[in-house]
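Below is entry-v4.cif, holding mmCIF, C-alpha atoms.
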```cif
data_start
#
loop_
_atom_site.label_atom_id
_atom_site.label_comp_id
_atom_site.auth_asym_id
_atom_site.auth_seq_id
_atom_site.Cartn_x
_atom_site.Cartn_y
_atom_site.Cartn_z
CA MET C 1 38.92 95.17 -20.63
CA THR C 2 41.52 92.70 -21.87
CA PRO C 3 42.92 90.52 -19.08
CA ILE C 4 46.62 90.72 -18.24
CA GLN C 5 48.33 87.62 -19.63
CA LEU C 6 50.47 85.61 -17.20
CA ALA C 7 52.34 82.34 -17.61
CA GLY C 8 54.19 80.03 -15.29
CA CYS C 9 55.85 76.66 -14.93
CA ALA C 10 54.61 73.71 -12.94
CA ILE C 11 57.80 71.92 -11.95
CA LEU C 12 56.80 68.53 -10.58
CA GLU C 13 59.07 66.20 -8.67
CA GLY C 14 57.24 63.02 -7.77
CA ASP C 15 54.04 64.13 -6.07
CA THR C 16 55.36 67.62 -5.24
CA ILE C 17 55.36 70.99 -7.01
CA LEU C 18 57.99 73.73 -6.82
CA LEU C 19 56.60 76.90 -5.20
CA LEU C 20 58.06 80.23 -4.14
CA TYR C 21 57.05 82.09 -0.99
CA ARG C 22 56.26 85.76 -1.77
CA ILE C 23 57.16 87.88 1.26
CA LYS C 24 54.89 90.90 0.63
CA SER C 25 51.77 88.81 -0.05
CA ASN C 26 52.48 86.11 2.54
CA TRP C 27 51.68 83.27 0.13
CA TYR C 28 53.13 80.53 -2.06
CA GLU C 29 53.01 80.76 -5.82
CA MET C 30 54.21 79.01 -8.94
CA PRO C 31 57.22 80.57 -10.70
CA GLY C 32 55.80 82.81 -13.40
CA GLY C 33 54.74 86.30 -14.32
CA LYS C 34 53.52 88.82 -16.83
CA ARG C 35 53.87 88.39 -20.58
CA GLU C 36 55.99 91.04 -22.30
CA VAL C 37 55.06 92.59 -25.65
CA GLY C 38 55.87 90.23 -28.54
CA GLU C 39 56.64 87.31 -26.24
CA SER C 40 54.95 83.92 -26.55
CA LEU C 41 53.34 82.47 -23.43
CA GLU C 42 55.89 79.64 -23.43
CA ASP C 43 58.74 82.17 -23.57
CA THR C 44 57.13 84.10 -20.71
CA ALA C 45 57.03 80.96 -18.57
CA ARG C 46 60.67 80.12 -19.40
CA ARG C 47 61.93 83.67 -18.77
CA GLU C 48 60.08 84.09 -15.49
CA LEU C 49 61.29 80.76 -14.12
CA HIS C 50 64.85 81.65 -15.05
CA GLU C 51 64.55 85.09 -13.39
CA GLU C 52 63.04 83.64 -10.22
CA VAL C 53 64.98 80.39 -9.66
CA GLY C 54 67.96 80.66 -12.05
CA CYS C 55 67.29 77.61 -14.21
CA ASN C 56 66.57 77.00 -17.85
CA VAL C 57 63.57 74.77 -18.45
CA THR C 58 62.11 72.60 -21.14
CA ILE C 59 58.40 73.13 -21.66
CA ILE C 60 56.72 69.74 -21.97
CA ARG C 61 53.17 70.88 -22.65
CA LYS C 62 50.50 73.37 -21.72
CA LEU C 63 48.46 72.12 -18.78
CA GLY C 64 45.66 74.66 -18.88
CA GLN C 65 44.64 78.18 -18.10
CA ASP C 66 42.20 80.08 -15.94
CA SER C 67 41.08 83.61 -15.22
CA PHE C 68 40.90 85.44 -11.92
CA SER C 69 40.58 88.95 -10.54
CA GLU C 70 42.82 90.59 -8.01
CA LYS C 71 42.75 94.18 -6.77
CA GLY C 72 40.24 95.15 -9.46
CA LYS C 73 42.27 93.78 -12.38
CA GLY C 74 41.55 90.77 -14.58
CA TYR C 75 44.21 88.15 -15.22
CA GLU C 76 44.49 85.10 -17.43
CA TYR C 77 47.11 82.61 -16.23
CA HIS C 78 48.56 79.87 -18.44
CA TRP C 79 50.18 76.86 -16.74
CA PHE C 80 52.93 74.88 -18.44
CA LEU C 81 54.37 71.58 -17.32
CA ALA C 82 58.14 72.01 -17.47
CA GLU C 83 61.35 70.24 -16.47
CA ILE C 84 64.54 71.61 -15.01
CA PRO C 85 67.66 69.85 -16.36
CA LYS C 86 69.19 67.40 -13.87
CA ASN C 87 72.45 69.39 -13.78
CA GLN C 88 70.71 72.60 -12.59
CA ARG C 89 69.54 73.36 -9.05
CA PRO C 90 66.81 75.96 -8.52
CA THR C 91 67.57 78.66 -5.95
CA VAL C 92 65.78 81.90 -5.10
CA GLN C 93 67.18 84.63 -7.36
CA GLU C 94 65.07 87.50 -6.05
CA PRO C 95 65.49 87.37 -2.24
CA THR C 96 63.78 90.74 -1.69
CA ILE C 97 60.62 89.29 -3.28
CA PHE C 98 60.78 85.60 -2.32
CA SER C 99 62.08 84.36 1.03
CA LYS C 100 62.21 80.68 0.07
CA MET C 101 61.24 78.01 -2.40
CA GLU C 102 60.19 74.48 -1.68
CA TYR C 103 58.68 71.39 -3.19
CA VAL C 104 55.18 71.20 -1.70
CA PRO C 105 53.15 67.95 -1.78
CA LEU C 106 50.28 68.38 -4.25
CA SER C 107 48.00 66.58 -1.79
CA LYS C 108 48.72 69.21 0.88
CA LEU C 109 48.27 72.41 -1.14
CA GLY C 110 45.09 73.16 0.82
CA GLU C 111 47.16 73.52 3.99
CA TYR C 112 49.25 76.35 2.53
CA SER C 113 48.56 80.04 2.04
CA LEU C 114 48.37 80.19 -1.78
CA SER C 115 48.08 82.96 -4.36
CA ASN C 116 44.79 83.26 -6.27
CA ASN C 117 46.46 81.63 -9.25
CA MET C 118 47.70 78.70 -7.17
CA ARG C 119 44.19 78.19 -5.75
CA GLN C 120 42.92 78.00 -9.34
CA PHE C 121 45.73 75.58 -10.23
CA GLN C 122 44.87 73.45 -7.19
CA LEU C 123 41.24 73.16 -8.37
CA TYR C 124 42.42 72.36 -11.91
CA TRP C 125 44.81 69.68 -10.61
CA MET C 126 42.16 68.07 -8.42
CA LYS C 127 39.77 67.78 -11.41
CA LYS C 128 42.42 66.28 -13.68
CA ASN C 129 43.95 63.85 -11.19
#
```
Representation of the structure as structure tokens:
Amino acid sequence: MTPIQLAGCAILEGDTILLLYRIKSNWYEMPGGKREVGESLEDTARRELHEEVGCNVTIIRKLGQDSFSEKGKGYEYHWFLAEIPKNQRPTVQEPTIFSKMEYVPLSKLGEYSLSNNMRQFQLYWMKKN
């Protein structure tokens, strides 16, 4: 079975990363989501970030990718390092899905309830840094 393709943006500010708190799942996650037909992974990451926090981003580079399973489905998540323009302020755009967003210290990710994807990103980040 082909894994579902997902993409998201790692927005770093100093030693912190922008995360959203998903109400239903009770966890923090990176802005991102499912790739639509005909869409590039970079475009998926840009679109999802805009839908979730209302900002346009510049993709700097692909950081990596990993696979995981959740509820019997396979997923492949692609992480992109991205920047929000200085004149834009991220705010939660989907308040029925996300109750808040915050910049979380990368060194303290282990203290937070994280999505499967964010756990994978945490392991990736620890290996690279």
(request) List the residues sitting within 8 Å of (66.5, 74.9, -20.2) in the file's frame, using all atoms listed in the file, as a ChimeraX atom specification. (result) /C:46,55-58,83-85
(message) Just to confirm, what's the straight-line distance from CA of Ile23 in chain C to CA of Ser99 in chain C in Å (one decimal)?
(response) 6.1 Å
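The neighbours of Tyr103 in chain C here are the residues that come within 7 Å of it, using all atoms listed in the file and leaving out any residue fewer than 4 positions away in the same chain; they are Thr16, Ile17, Leu18 and Leu19 of chain C.
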(request) List the residues matched by the PyMOL selection byres ((chain C and resi 51) around 10) in the displayed structure as a PyMOL selection string, ordered by chain and then by residue number. (result) chain C and resi 31-33+46-50+52-56+92-94
(request) Within 12 Å of Glu36 in chain C, counting all atoms listed in the file, which residues show up once you throw out same-chain ones fewer than 6 positions away? Write them as a list in words, please. (result) Ile4, Gln5, Leu6, Ala7, Glu42, Asp43, Thr44, Ala45, Arg47 and Glu48 of chain C
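Of the listed residues C:Phe80, C:Tyr112, C:Trp27, C:Tyr124, the one whose atoms come nearest to Ile11 in chain C is C:Phe80, with distances taken using all atoms listed in the file.
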(request) Calculate how many Å separate CA of Leu109 in chain C from CA of Glu29 in chain C, rounding to one decimal. (result) 10.7 Å
